[in-house]
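Asker: Have a peek at run.txt (compact mmCIF, N, CA and C atoms).
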```txt
# COMPACT_ATOMS: atom_id res chain seq x y z
N MET A 1 -3.44 -26.10 -4.52
CA MET A 1 -4.04 -24.82 -4.84
C MET A 1 -3.44 -23.78 -3.90
N LYS A 2 -2.88 -22.72 -4.46
CA LYS A 2 -2.22 -21.69 -3.67
C LYS A 2 -3.07 -20.42 -3.62
N ILE A 3 -3.30 -19.93 -2.40
CA ILE A 3 -4.02 -18.68 -2.19
C ILE A 3 -3.01 -17.62 -1.78
N GLY A 4 -2.95 -16.53 -2.54
CA GLY A 4 -2.01 -15.46 -2.25
C GLY A 4 -2.71 -14.22 -1.71
N ILE A 5 -2.08 -13.62 -0.71
CA ILE A 5 -2.61 -12.41 -0.08
C ILE A 5 -1.59 -11.29 -0.30
N PRO A 6 -1.86 -10.38 -1.25
CA PRO A 6 -0.92 -9.29 -1.47
C PRO A 6 -1.11 -8.16 -0.46
N LYS A 7 -0.11 -7.33 -0.36
CA LYS A 7 -0.19 -6.12 0.45
C LYS A 7 -1.14 -5.16 -0.27
N GLU A 8 -2.08 -4.60 0.47
CA GLU A 8 -3.02 -3.64 -0.12
C GLU A 8 -2.27 -2.35 -0.46
N ILE A 9 -2.45 -1.85 -1.68
CA ILE A 9 -1.70 -0.67 -2.10
C ILE A 9 -2.57 0.59 -2.19
N HIS A 10 -3.86 0.45 -1.99
CA HIS A 10 -4.74 1.62 -2.03
C HIS A 10 -4.40 2.53 -0.84
N ARG A 11 -4.25 3.80 -1.13
CA ARG A 11 -3.87 4.76 -0.10
C ARG A 11 -4.85 4.73 1.08
N GLY A 12 -4.30 4.59 2.27
CA GLY A 12 -5.09 4.60 3.49
C GLY A 12 -5.67 3.25 3.89
N GLU A 13 -5.54 2.24 3.05
CA GLU A 13 -6.10 0.92 3.38
C GLU A 13 -5.22 0.24 4.42
N LYS A 14 -5.84 -0.18 5.51
CA LYS A 14 -5.10 -0.83 6.59
C LYS A 14 -5.47 -2.30 6.77
N ARG A 15 -6.49 -2.74 6.06
CA ARG A 15 -6.94 -4.13 6.23
C ARG A 15 -6.09 -5.09 5.40
N VAL A 16 -6.20 -6.35 5.75
CA VAL A 16 -5.55 -7.43 5.01
C VAL A 16 -6.62 -8.50 4.78
N ALA A 17 -6.51 -9.25 3.70
CA ALA A 17 -7.59 -10.16 3.29
C ALA A 17 -7.75 -11.40 4.15
N THR A 18 -6.82 -11.68 5.03
CA THR A 18 -6.97 -12.82 5.94
C THR A 18 -6.19 -12.55 7.23
N THR A 19 -6.42 -13.40 8.20
CA THR A 19 -5.68 -13.34 9.45
C THR A 19 -4.84 -14.61 9.56
N PRO A 20 -3.86 -14.63 10.45
CA PRO A 20 -3.10 -15.87 10.63
C PRO A 20 -4.00 -17.05 11.00
N GLU A 21 -5.01 -16.81 11.82
CA GLU A 21 -5.92 -17.88 12.24
C GLU A 21 -6.67 -18.47 11.05
N VAL A 22 -7.23 -17.62 10.21
CA VAL A 22 -7.98 -18.08 9.04
C VAL A 22 -7.04 -18.76 8.04
N ALA A 23 -5.84 -18.22 7.89
CA ALA A 23 -4.86 -18.84 6.99
C ALA A 23 -4.54 -20.26 7.45
N GLY A 24 -4.43 -20.45 8.75
CA GLY A 24 -4.20 -21.79 9.28
C GLY A 24 -5.35 -22.74 8.97
N ARG A 25 -6.56 -22.24 9.07
CA ARG A 25 -7.74 -23.07 8.75
C ARG A 25 -7.76 -23.44 7.27
N LEU A 26 -7.41 -22.49 6.41
CA LEU A 26 -7.37 -22.78 4.97
C LEU A 26 -6.35 -23.87 4.67
N GLN A 27 -5.23 -23.84 5.37
CA GLN A 27 -4.22 -24.87 5.16
C GLN A 27 -4.72 -26.24 5.61
N LYS A 28 -5.47 -26.28 6.68
CA LYS A 28 -6.04 -27.55 7.13
C LYS A 28 -7.02 -28.12 6.11
N LEU A 29 -7.59 -27.24 5.28
CA LEU A 29 -8.49 -27.68 4.21
C LEU A 29 -7.74 -28.09 2.95
N GLY A 30 -6.41 -27.97 2.99
CA GLY A 30 -5.59 -28.41 1.87
C GLY A 30 -5.03 -27.32 0.98
N TYR A 31 -5.29 -26.07 1.30
CA TYR A 31 -4.74 -24.96 0.51
C TYR A 31 -3.35 -24.59 1.02
N GLU A 32 -2.52 -24.10 0.12
CA GLU A 32 -1.26 -23.46 0.52
C GLU A 32 -1.56 -21.97 0.57
N VAL A 33 -1.09 -21.29 1.60
CA VAL A 33 -1.35 -19.86 1.73
C VAL A 33 -0.02 -19.12 1.69
N LEU A 34 0.01 -18.08 0.86
CA LEU A 34 1.18 -17.21 0.73
C LEU A 34 0.75 -15.79 1.04
N ILE A 35 1.64 -15.02 1.62
CA ILE A 35 1.33 -13.62 1.89
C ILE A 35 2.54 -12.77 1.55
N GLN A 36 2.28 -11.61 1.01
CA GLN A 36 3.36 -10.69 0.68
C GLN A 36 3.95 -10.11 1.96
N LYS A 37 5.25 -10.01 2.00
CA LYS A 37 5.94 -9.46 3.17
C LYS A 37 5.33 -8.11 3.56
N GLY A 38 4.98 -7.99 4.83
CA GLY A 38 4.43 -6.74 5.35
C GLY A 38 2.95 -6.52 5.10
N ALA A 39 2.28 -7.47 4.47
CA ALA A 39 0.87 -7.27 4.11
C ALA A 39 -0.04 -7.08 5.32
N GLY A 40 0.28 -7.70 6.43
CA GLY A 40 -0.57 -7.60 7.60
C GLY A 40 -0.17 -6.52 8.59
N ALA A 41 0.92 -5.84 8.33
CA ALA A 41 1.48 -4.90 9.32
C ALA A 41 0.50 -3.81 9.75
N LYS A 42 -0.20 -3.20 8.82
CA LYS A 42 -1.12 -2.11 9.17
C LYS A 42 -2.36 -2.61 9.90
N ALA A 43 -2.59 -3.92 9.85
CA ALA A 43 -3.71 -4.53 10.57
C ALA A 43 -3.22 -5.20 11.86
N ASN A 44 -1.98 -4.90 12.23
CA ASN A 44 -1.36 -5.42 13.45
C ASN A 44 -1.09 -6.92 13.43
N TYR A 45 -0.80 -7.46 12.25
CA TYR A 45 -0.35 -8.85 12.11
C TYR A 45 1.05 -8.81 11.52
N SER A 46 2.00 -9.40 12.22
CA SER A 46 3.38 -9.39 11.74
C SER A 46 3.62 -10.56 10.79
N ASP A 47 4.70 -10.47 10.04
CA ASP A 47 5.10 -11.59 9.19
C ASP A 47 5.33 -12.83 10.05
N GLU A 48 5.85 -12.62 11.26
CA GLU A 48 6.10 -13.73 12.17
C GLU A 48 4.80 -14.42 12.58
N ASP A 49 3.72 -13.64 12.77
CA ASP A 49 2.42 -14.22 13.10
C ASP A 49 1.96 -15.16 11.98
N PHE A 50 2.10 -14.70 10.74
CA PHE A 50 1.69 -15.53 9.60
C PHE A 50 2.62 -16.73 9.45
N ALA A 51 3.92 -16.54 9.62
CA ALA A 51 4.86 -17.65 9.50
C ALA A 51 4.57 -18.72 10.55
N ALA A 52 4.22 -18.30 11.77
CA ALA A 52 3.90 -19.25 12.83
C ALA A 52 2.66 -20.07 12.49
N ALA A 53 1.79 -19.51 11.64
CA ALA A 53 0.59 -20.23 11.20
C ALA A 53 0.89 -21.11 9.98
N GLY A 54 2.16 -21.13 9.54
CA GLY A 54 2.54 -21.97 8.41
C GLY A 54 2.43 -21.31 7.06
N VAL A 55 2.23 -20.00 7.04
CA VAL A 55 2.07 -19.25 5.80
C VAL A 55 3.45 -18.93 5.22
N GLU A 56 3.57 -19.07 3.90
CA GLU A 56 4.82 -18.71 3.22
C GLU A 56 4.84 -17.19 3.01
N ILE A 57 5.91 -16.55 3.45
CA ILE A 57 6.08 -15.11 3.27
C ILE A 57 6.81 -14.89 1.95
N VAL A 58 6.22 -14.10 1.06
CA VAL A 58 6.78 -13.85 -0.27
C VAL A 58 7.28 -12.41 -0.31
N LYS A 59 8.46 -12.20 -0.89
CA LYS A 59 9.12 -10.89 -0.79
C LYS A 59 8.46 -9.75 -1.54
N ASP A 60 7.79 -10.03 -2.67
CA ASP A 60 7.22 -8.93 -3.45
C ASP A 60 5.92 -9.33 -4.14
N ALA A 61 5.19 -8.32 -4.60
CA ALA A 61 3.87 -8.53 -5.21
C ALA A 61 3.97 -9.36 -6.49
N LYS A 62 4.92 -9.06 -7.33
CA LYS A 62 5.04 -9.76 -8.61
C LYS A 62 5.20 -11.27 -8.40
N THR A 63 6.06 -11.64 -7.47
CA THR A 63 6.27 -13.06 -7.17
C THR A 63 5.01 -13.68 -6.58
N LEU A 64 4.36 -12.98 -5.66
CA LEU A 64 3.15 -13.50 -5.03
C LEU A 64 2.06 -13.77 -6.06
N TRP A 65 1.78 -12.79 -6.92
CA TRP A 65 0.72 -12.96 -7.92
C TRP A 65 1.08 -14.09 -8.88
N ALA A 66 2.35 -14.23 -9.24
CA ALA A 66 2.77 -15.28 -10.17
C ALA A 66 2.62 -16.68 -9.58
N LYS A 67 2.81 -16.81 -8.28
CA LYS A 67 2.75 -18.12 -7.62
C LYS A 67 1.34 -18.52 -7.19
N SER A 68 0.40 -17.58 -7.21
CA SER A 68 -0.94 -17.82 -6.64
C SER A 68 -1.96 -18.24 -7.69
N ASP A 69 -2.72 -19.28 -7.35
CA ASP A 69 -3.85 -19.70 -8.19
C ASP A 69 -5.07 -18.82 -7.90
N ILE A 70 -5.17 -18.39 -6.66
CA ILE A 70 -6.24 -17.51 -6.20
C ILE A 70 -5.57 -16.34 -5.48
N VAL A 71 -5.98 -15.12 -5.79
CA VAL A 71 -5.48 -13.95 -5.08
C VAL A 71 -6.67 -13.34 -4.34
N ALA A 72 -6.49 -13.12 -3.04
CA ALA A 72 -7.54 -12.52 -2.22
C ALA A 72 -7.09 -11.14 -1.76
N LYS A 73 -7.92 -10.14 -2.05
CA LYS A 73 -7.64 -8.75 -1.69
C LYS A 73 -8.88 -8.15 -1.03
N VAL A 74 -8.66 -7.10 -0.26
CA VAL A 74 -9.78 -6.35 0.29
C VAL A 74 -10.32 -5.39 -0.77
N ARG A 75 -9.45 -4.54 -1.29
CA ARG A 75 -9.83 -3.53 -2.28
C ARG A 75 -9.74 -4.11 -3.69
N PRO A 76 -10.46 -3.53 -4.64
CA PRO A 76 -10.32 -3.98 -6.03
C PRO A 76 -8.87 -3.79 -6.48
N PRO A 77 -8.41 -4.62 -7.40
CA PRO A 77 -7.04 -4.44 -7.88
C PRO A 77 -6.90 -3.11 -8.61
N GLU A 78 -5.77 -2.47 -8.42
CA GLU A 78 -5.48 -1.24 -9.13
C GLU A 78 -4.90 -1.61 -10.49
N ALA A 79 -4.85 -0.64 -11.40
CA ALA A 79 -4.46 -0.90 -12.78
C ALA A 79 -3.15 -1.68 -12.88
N LYS A 80 -2.16 -1.32 -12.07
CA LYS A 80 -0.88 -2.01 -12.16
C LYS A 80 -0.93 -3.43 -11.62
N GLU A 81 -1.98 -3.78 -10.87
CA GLU A 81 -2.11 -5.13 -10.35
C GLU A 81 -2.84 -6.05 -11.32
N VAL A 82 -3.72 -5.51 -12.14
CA VAL A 82 -4.53 -6.33 -13.05
C VAL A 82 -3.65 -7.22 -13.91
N GLY A 83 -2.57 -6.67 -14.44
CA GLY A 83 -1.67 -7.44 -15.29
C GLY A 83 -0.88 -8.50 -14.56
N LEU A 84 -0.88 -8.46 -13.23
CA LEU A 84 -0.15 -9.46 -12.45
C LEU A 84 -0.94 -10.75 -12.27
N LEU A 85 -2.26 -10.70 -12.44
CA LEU A 85 -3.08 -11.90 -12.28
C LEU A 85 -2.73 -12.87 -13.39
N LYS A 86 -2.29 -14.07 -13.02
CA LYS A 86 -1.82 -15.00 -14.04
C LYS A 86 -2.98 -15.58 -14.85
N GLU A 87 -2.67 -16.03 -16.04
CA GLU A 87 -3.66 -16.65 -16.93
C GLU A 87 -4.35 -17.79 -16.19
N GLY A 88 -5.67 -17.77 -16.15
CA GLY A 88 -6.43 -18.81 -15.46
C GLY A 88 -6.53 -18.59 -13.96
N GLY A 89 -5.95 -17.50 -13.47
CA GLY A 89 -5.99 -17.21 -12.04
C GLY A 89 -7.36 -16.69 -11.63
N ASN A 90 -7.61 -16.75 -10.33
CA ASN A 90 -8.89 -16.29 -9.78
C ASN A 90 -8.64 -15.16 -8.79
N LEU A 91 -9.60 -14.26 -8.71
CA LEU A 91 -9.49 -13.11 -7.82
C LEU A 91 -10.70 -13.08 -6.90
N ILE A 92 -10.43 -12.90 -5.61
CA ILE A 92 -11.48 -12.70 -4.62
C ILE A 92 -11.27 -11.30 -4.05
N SER A 93 -12.26 -10.42 -4.23
CA SER A 93 -12.12 -9.03 -3.81
C SER A 93 -13.47 -8.34 -3.85
N PHE A 94 -13.58 -7.23 -3.15
CA PHE A 94 -14.74 -6.37 -3.31
C PHE A 94 -14.48 -5.54 -4.57
N ILE A 95 -15.33 -5.67 -5.57
CA ILE A 95 -15.08 -4.97 -6.83
C ILE A 95 -16.18 -3.97 -7.17
N TRP A 96 -17.41 -4.20 -6.79
CA TRP A 96 -18.53 -3.35 -7.15
C TRP A 96 -18.60 -3.21 -8.67
N PRO A 97 -18.97 -4.26 -9.38
CA PRO A 97 -18.93 -4.28 -10.86
C PRO A 97 -19.66 -3.13 -11.53
N ALA A 98 -20.80 -2.73 -11.02
CA ALA A 98 -21.57 -1.66 -11.67
C ALA A 98 -20.84 -0.32 -11.61
N GLN A 99 -20.01 -0.13 -10.60
CA GLN A 99 -19.25 1.11 -10.47
C GLN A 99 -17.86 1.02 -11.08
N ASN A 100 -17.45 -0.17 -11.48
CA ASN A 100 -16.09 -0.38 -11.99
C ASN A 100 -16.11 -1.10 -13.33
N GLU A 101 -16.86 -0.55 -14.26
CA GLU A 101 -17.01 -1.18 -15.57
C GLU A 101 -15.66 -1.33 -16.28
N GLU A 102 -14.82 -0.32 -16.21
CA GLU A 102 -13.51 -0.39 -16.86
C GLU A 102 -12.65 -1.50 -16.26
N LEU A 103 -12.64 -1.59 -14.93
CA LEU A 103 -11.88 -2.64 -14.26
C LEU A 103 -12.40 -4.01 -14.66
N MET A 104 -13.71 -4.18 -14.72
CA MET A 104 -14.28 -5.46 -15.11
C MET A 104 -13.82 -5.85 -16.52
N GLY A 105 -13.77 -4.88 -17.42
CA GLY A 105 -13.29 -5.14 -18.77
C GLY A 105 -11.83 -5.56 -18.78
N GLN A 106 -11.01 -4.90 -17.97
CA GLN A 106 -9.60 -5.26 -17.88
C GLN A 106 -9.42 -6.67 -17.34
N LEU A 107 -10.20 -7.02 -16.33
CA LEU A 107 -10.10 -8.36 -15.75
C LEU A 107 -10.58 -9.44 -16.72
N ALA A 108 -11.54 -9.10 -17.54
CA ALA A 108 -12.07 -10.07 -18.51
C ALA A 108 -11.07 -10.37 -19.62
N ASP A 109 -10.22 -9.40 -19.93
CA ASP A 109 -9.22 -9.59 -20.99
C ASP A 109 -8.20 -10.54 -20.55
```
Rewrite the structure from the file as structure tokens, please.

Answerer:
Amino acid sequence: MKIGIPKEIHRGEKRVATTPEVAGRLQKLGYEVLIQKGAGAKANYSDEDFAAAGVEIVKDAKTLWAKSDIVAKVRPPEAKEVGLLKEGGNLISFIWPAQNEELMGQLAD
């Protein structure tokens, strides 16, 4: 089971959905963890930090979403990201369903 962490694209967002330490723990539980190149930079985690924890660094969002069974994000996916979630894929994110009815409909399709 592969967990992918994309770079947050919402303007001003500096957080990342995991840390190198947590990614290492997930791997000990049997998950493979992938992260998009530069995803942790604004949160002061380098690609080298994640690589040292055994995380696979993926060059772009399209590849990351395609390879991931589970995608974990801080912010809800933006319109251009919704179509990247693969068939049968899972998303972990703050979505606020009551405030994002249109997004919920897109994700359900």

Asker: Using all atoms listed in the file, determine which residues lie at most 8 Å from A:Lys42, disregarding the query and same-chain residues fewer than 5 positions distant; provide the list as a PDB file with N, CA and C atoms, keeping the file's coordinate frame.

Answerer:
```pdb
ATOM      1  N   GLU A  13      -5.540   2.240   3.050  1.00  0.00           N
ATOM      2  CA  GLU A  13      -6.100   0.920   3.380  1.00  0.00           C
ATOM      3  C   GLU A  13      -5.220   0.240   4.420  1.00  0.00           C
ATOM      4  N   LYS A  14      -5.840  -0.180   5.510  1.00  0.00           N
ATOM      5  CA  LYS A  14      -5.100  -0.830   6.590  1.00  0.00           C
ATOM      6  C   LYS A  14      -5.470  -2.300   6.770  1.00  0.00           C
ATOM      7  N   ARG A  15      -6.490  -2.740   6.060  1.00  0.00           N
ATOM      8  CA  ARG A  15      -6.940  -4.130   6.230  1.00  0.00           C
ATOM      9  C   ARG A  15      -6.090  -5.090   5.400  1.00  0.00           C
ATOM     10  N   VAL A  16      -6.200  -6.350   5.750  1.00  0.00           N
ATOM     11  CA  VAL A  16      -5.550  -7.430   5.010  1.00  0.00           C
ATOM     12  C   VAL A  16      -6.620  -8.500   4.780  1.00  0.00           C
TER      13      VAL A  16
END
```

Asker: List as a list of chain:residue names the protein and nucleic acid residues near A:Ile5, meaning an atom at most 8 Å away when only C-alpha atoms are counted, but skip any in the same chain fewer than 2 places from it.

Answerer: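 So the residues in contact are A:Ile3, A:Lys7, A:Val16, A:Ala17, A:Thr18, A:Val33, A:Leu34, A:Ile35, A:Gln36, A:Ala39, A:Leu64, A:Val71, A:Ala72, A:Lys73.
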
Asker: Would you kindly return, as a compact mmCIF listing (two decimals) with N, CA and C atoms, keeping the file's coordinate frame, each protein, DNA or RNA residue with an atom no farther than 8 Å from any atom of A:Lys67, considering only N, CA and C atoms and excluding same-chain residues fewer than 3 positions away?

Answerer:
```
# COMPACT_ATOMS: atom_id res chain seq x y z
N MET A 1 -3.44 -26.10 -4.52
CA MET A 1 -4.04 -24.82 -4.84
C MET A 1 -3.44 -23.78 -3.90
N LYS A 2 -2.88 -22.72 -4.46
CA LYS A 2 -2.22 -21.69 -3.67
C LYS A 2 -3.07 -20.42 -3.62
N ILE A 3 -3.30 -19.93 -2.40
CA ILE A 3 -4.02 -18.68 -2.19
C ILE A 3 -3.01 -17.62 -1.78
N GLY A 4 -2.95 -16.53 -2.54
CA GLY A 4 -2.01 -15.46 -2.25
C GLY A 4 -2.71 -14.22 -1.71
N ALA A 61 5.19 -8.32 -4.60
CA ALA A 61 3.87 -8.53 -5.21
C ALA A 61 3.97 -9.36 -6.49
N LYS A 62 4.92 -9.06 -7.33
CA LYS A 62 5.04 -9.76 -8.61
C LYS A 62 5.20 -11.27 -8.40
N THR A 63 6.06 -11.64 -7.47
CA THR A 63 6.27 -13.06 -7.17
C THR A 63 5.01 -13.68 -6.58
N LEU A 64 4.36 -12.98 -5.66
CA LEU A 64 3.15 -13.50 -5.03
C LEU A 64 2.06 -13.77 -6.06
N ILE A 70 -5.17 -18.39 -6.66
CA ILE A 70 -6.24 -17.51 -6.20
C ILE A 70 -5.57 -16.34 -5.48
N LYS A 86 -2.29 -14.07 -13.02
CA LYS A 86 -1.82 -15.00 -14.04
C LYS A 86 -2.98 -15.58 -14.85
```

Asker: Just the number, please: distance in Å from atom CA of A:Ile57 to atom CA of A:Ala79, one decimal.

Answerer: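 Result for atom CA of A:Ile57 versus atom CA of A:Ala79: 23.9 Å, one decimal.
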
Asker: Excluding same-chain residues fewer than 6 positions from A:Gly38, what lies within 8 Å of it counting only N, CA and C atoms, as a count of residues only?

Answerer: 10

Asker: With 8 Å on each side, where is the centre of the axis-aligned box around all listed atoms of stretch 4-7 of chain A, and how long are its edges in Å to one decimal, as AutoDock Vina command-line options?

Answerer:
```
--center_x -1.5 --center_y -10.8 --center_z -1.0 --size_x 18.8 --size_y 27.4 --size_z 19.0
```

Asker: Interatomic distance between atom CA of A:Pro77 and atom CA of A:Trp96?

Answerer: 11.6 Å

Asker: Return as a PDB file with N, CA and C atoms, keeping the file's coordinate frame the full set of residues in chain A whose backbone-based DSSP assignment is alpha helix (DSSP H).

Answerer:
```pdb
ATOM      1  N   PRO A  20      -3.860 -14.630  10.450  1.00  0.00           N
ATOM      2  CA  PRO A  20      -3.100 -15.870  10.630  1.00  0.00           C
ATOM      3  C   PRO A  20      -4.000 -17.050  11.000  1.00  0.00           C
ATOM      4  N   GLU A  21      -5.010 -16.810  11.820  1.00  0.00           N
ATOM      5  CA  GLU A  21      -5.920 -17.880  12.240  1.00  0.00           C
ATOM      6  C   GLU A  21      -6.670 -18.470  11.050  1.00  0.00           C
ATOM      7  N   VAL A  22      -7.230 -17.620  10.210  1.00  0.00           N
ATOM      8  CA  VAL A  22      -7.980 -18.080   9.040  1.00  0.00           C
ATOM      9  C   VAL A  22      -7.040 -18.760   8.040  1.00  0.00           C
ATOM     10  N   ALA A  23      -5.840 -18.220   7.890  1.00  0.00           N
ATOM     11  CA  ALA A  23      -4.860 -18.840   6.990  1.00  0.00           C
ATOM     12  C   ALA A  23      -4.540 -20.260   7.450  1.00  0.00           C
ATOM     13  N   GLY A  24      -4.430 -20.450   8.750  1.00  0.00           N
ATOM     14  CA  GLY A  24      -4.200 -21.790   9.280  1.00  0.00           C
ATOM     15  C   GLY A  24      -5.350 -22.740   8.970  1.00  0.00           C
ATOM     16  N   ARG A  25      -6.560 -22.240   9.070  1.00  0.00           N
ATOM     17  CA  ARG A  25      -7.740 -23.070   8.750  1.00  0.00           C
ATOM     18  C   ARG A  25      -7.760 -23.440   7.270  1.00  0.00           C
ATOM     19  N   LEU A  26      -7.410 -22.490   6.410  1.00  0.00           N
ATOM     20  CA  LEU A  26      -7.370 -22.780   4.970  1.00  0.00           C
ATOM     21  C   LEU A  26      -6.350 -23.870   4.670  1.00  0.00           C
ATOM     22  N   GLN A  27      -5.230 -23.840   5.370  1.00  0.00           N
ATOM     23  CA  GLN A  27      -4.220 -24.870   5.160  1.00  0.00           C
ATOM     24  C   GLN A  27      -4.720 -26.240   5.610  1.00  0.00           C
ATOM     25  N   LYS A  28      -5.470 -26.280   6.680  1.00  0.00           N
ATOM     26  CA  LYS A  28      -6.040 -27.550   7.130  1.00  0.00           C
ATOM     27  C   LYS A  28      -7.020 -28.120   6.110  1.00  0.00           C
ATOM     28  N   ASP A  47       4.700 -10.470  10.040  1.00  0.00           N
ATOM     29  CA  ASP A  47       5.100 -11.590   9.190  1.00  0.00           C
ATOM     30  C   ASP A  47       5.330 -12.830  10.050  1.00  0.00           C
ATOM     31  N   GLU A  48       5.850 -12.620  11.260  1.00  0.00           N
ATOM     32  CA  GLU A  48       6.100 -13.730  12.170  1.00  0.00           C
ATOM     33  C   GLU A  48       4.800 -14.420  12.580  1.00  0.00           C
ATOM     34  N   ASP A  49       3.720 -13.640  12.770  1.00  0.00           N
ATOM     35  CA  ASP A  49       2.420 -14.220  13.100  1.00  0.00           C
ATOM     36  C   ASP A  49       1.960 -15.160  11.980  1.00  0.00           C
ATOM     37  N   PHE A  50       2.100 -14.700  10.740  1.00  0.00           N
ATOM     38  CA  PHE A  50       1.690 -15.530   9.600  1.00  0.00           C
ATOM     39  C   PHE A  50       2.620 -16.730   9.450  1.00  0.00           C
ATOM     40  N   ALA A  51       3.920 -16.540   9.620  1.00  0.00           N
ATOM     41  CA  ALA A  51       4.860 -17.650   9.500  1.00  0.00           C
ATOM     42  C   ALA A  51       4.570 -18.720  10.550  1.00  0.00           C
ATOM     43  N   ALA A  52       4.220 -18.300  11.770  1.00  0.00           N
ATOM     44  CA  ALA A  52       3.900 -19.250  12.830  1.00  0.00           C
ATOM     45  C   ALA A  52       2.660 -20.070  12.490  1.00  0.00           C
ATOM     46  N   ALA A  61       5.190  -8.320  -4.600  1.00  0.00           N
ATOM     47  CA  ALA A  61       3.870  -8.530  -5.210  1.00  0.00           C
ATOM     48  C   ALA A  61       3.970  -9.360  -6.490  1.00  0.00           C
ATOM     49  N   LYS A  62       4.920  -9.060  -7.330  1.00  0.00           N
ATOM     50  CA  LYS A  62       5.040  -9.760  -8.610  1.00  0.00           C
ATOM     51  C   LYS A  62       5.200 -11.270  -8.400  1.00  0.00           C
ATOM     52  N   THR A  63       6.060 -11.640  -7.470  1.00  0.00           N
ATOM     53  CA  THR A  63       6.270 -13.060  -7.170  1.00  0.00           C
ATOM     54  C   THR A  63       5.010 -13.680  -6.580  1.00  0.00           C
ATOM     55  N   LEU A  64       4.360 -12.980  -5.660  1.00  0.00           N
ATOM     56  CA  LEU A  64       3.150 -13.500  -5.030  1.00  0.00           C
ATOM     57  C   LEU A  64       2.060 -13.770  -6.060  1.00  0.00           C
ATOM     58  N   TRP A  65       1.780 -12.790  -6.920  1.00  0.00           N
ATOM     59  CA  TRP A  65       0.720 -12.960  -7.920  1.00  0.00           C
ATOM     60  C   TRP A  65       1.080 -14.090  -8.880  1.00  0.00           C
ATOM     61  N   ALA A  66       2.350 -14.230  -9.240  1.00  0.00           N
ATOM     62  CA  ALA A  66       2.770 -15.280 -10.170  1.00  0.00           C
ATOM     63  C   ALA A  66       2.620 -16.680  -9.580  1.00  0.00           C
ATOM     64  N   LYS A  67       2.810 -16.810  -8.280  1.00  0.00           N
ATOM     65  CA  LYS A  67       2.750 -18.120  -7.620  1.00  0.00           C
ATOM     66  C   LYS A  67       1.340 -18.520  -7.190  1.00  0.00           C
ATOM     67  N   ALA A  79      -4.850  -0.640 -11.400  1.00  0.00           N
ATOM     68  CA  ALA A  79      -4.460  -0.900 -12.780  1.00  0.00           C
ATOM     69  C   ALA A  79      -3.150  -1.680 -12.880  1.00  0.00           C
ATOM     70  N   LYS A  80      -2.160  -1.320 -12.070  1.00  0.00           N
ATOM     71  CA  LYS A  80      -0.880  -2.010 -12.160  1.00  0.00           C
ATOM     72  C   LYS A  80      -0.930  -3.430 -11.620  1.00  0.00           C
ATOM     73  N   GLU A  81      -1.980  -3.780 -10.870  1.00  0.00           N
ATOM     74  CA  GLU A  81      -2.110  -5.130 -10.350  1.00  0.00           C
ATOM     75  C   GLU A  81      -2.840  -6.050 -11.320  1.00  0.00           C
ATOM     76  N   VAL A  82      -3.720  -5.510 -12.140  1.00  0.00           N
ATOM     77  CA  VAL A  82      -4.530  -6.330 -13.050  1.00  0.00           C
ATOM     78  C   VAL A  82      -3.650  -7.220 -13.910  1.00  0.00           C
ATOM     79  N   GLU A 101     -16.860  -0.550 -14.260  1.00  0.00           N
ATOM     80  CA  GLU A 101     -17.010  -1.180 -15.570  1.00  0.00           C
ATOM     81  C   GLU A 101     -15.660  -1.330 -16.280  1.00  0.00           C
ATOM     82  N   GLU A 102     -14.820  -0.320 -16.210  1.00  0.00           N
ATOM     83  CA  GLU A 102     -13.510  -0.390 -16.860  1.00  0.00           C
ATOM     84  C   GLU A 102     -12.650  -1.500 -16.260  1.00  0.00           C
ATOM     85  N   LEU A 103     -12.640  -1.590 -14.930  1.00  0.00           N
ATOM     86  CA  LEU A 103     -11.880  -2.640 -14.260  1.00  0.00           C
ATOM     87  C   LEU A 103     -12.400  -4.010 -14.660  1.00  0.00           C
ATOM     88  N   MET A 104     -13.710  -4.180 -14.720  1.00  0.00           N
ATOM     89  CA  MET A 104     -14.280  -5.460 -15.110  1.00  0.00           C
ATOM     90  C   MET A 104     -13.820  -5.850 -16.520  1.00  0.00           C
ATOM     91  N   GLY A 105     -13.770  -4.880 -17.420  1.00  0.00           N
ATOM     92  CA  GLY A 105     -13.290  -5.140 -18.770  1.00  0.00           C
ATOM     93  C   GLY A 105     -11.830  -5.560 -18.780  1.00  0.00           C
ATOM     94  N   GLN A 106     -11.010  -4.900 -17.970  1.00  0.00           N
ATOM     95  CA  GLN A 106      -9.600  -5.260 -17.880  1.00  0.00           C
ATOM     96  C   GLN A 106      -9.420  -6.670 -17.340  1.00  0.00           C
ATOM     97  N   LEU A 107     -10.200  -7.020 -16.330  1.00  0.00           N
ATOM     98  CA  LEU A 107     -10.100  -8.360 -15.750  1.00  0.00           C
ATOM     99  C   LEU A 107     -10.580  -9.440 -16.720  1.00  0.00           C
ATOM    100  N   ALA A 108     -11.540  -9.100 -17.540  1.00  0.00           N
ATOM    101  CA  ALA A 108     -12.070 -10.070 -18.510  1.00  0.00           C
ATOM    102  C   ALA A 108     -11.070 -10.370 -19.620  1.00  0.00           C
TER     103      ALA A 108
END
```

Asker: Could you write out, as a list in words, all the residues of stretch 18-82 of chain A that DSSP marks as strand (DSSP E)?

Answerer: Glu32, Val33, Leu34, Ile35, Gln36, Glu56, Ile57, Val58, Ile70, Val71 and Ala72 of chain A

Asker: I need the residue nearest A:Leu91 from this list: A:Asp49, A:Glu32, A:Glu78, A:Asp69. Use all atoms listed in the file for the distance.

Answerer: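 Using all atoms listed in the file, A:Leu91 sits closest to A:Asp69.
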
Asker: Just how far from atom C of A:Pro76 is atom CA of A:His10, in Å to one decimal?

Answerer: 8.1 Å

Asker: For A:Ala53, which residue among A:Val82, A:Ala23, A:Ile92, A:Met104 is the nearest when counting only N, CA and C atoms?

Answerer: A:Ala23

Asker: Select, from A:Leu26, A:Ala43, A:Ile95, A:Leu103, the residue with the minimum atom-to-atom distance to A:Arg75, counting only C-alpha atoms.

Answerer: A:Ile95

Asker: With distances taken over only C-alpha atoms, which residue among A:Leu84, A:Asn100, A:Asp109, A:Lys28 lies nearest A:Asp60?

Answerer: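 Using only C-alpha atoms, A:Asp60 sits closest to A:Leu84.
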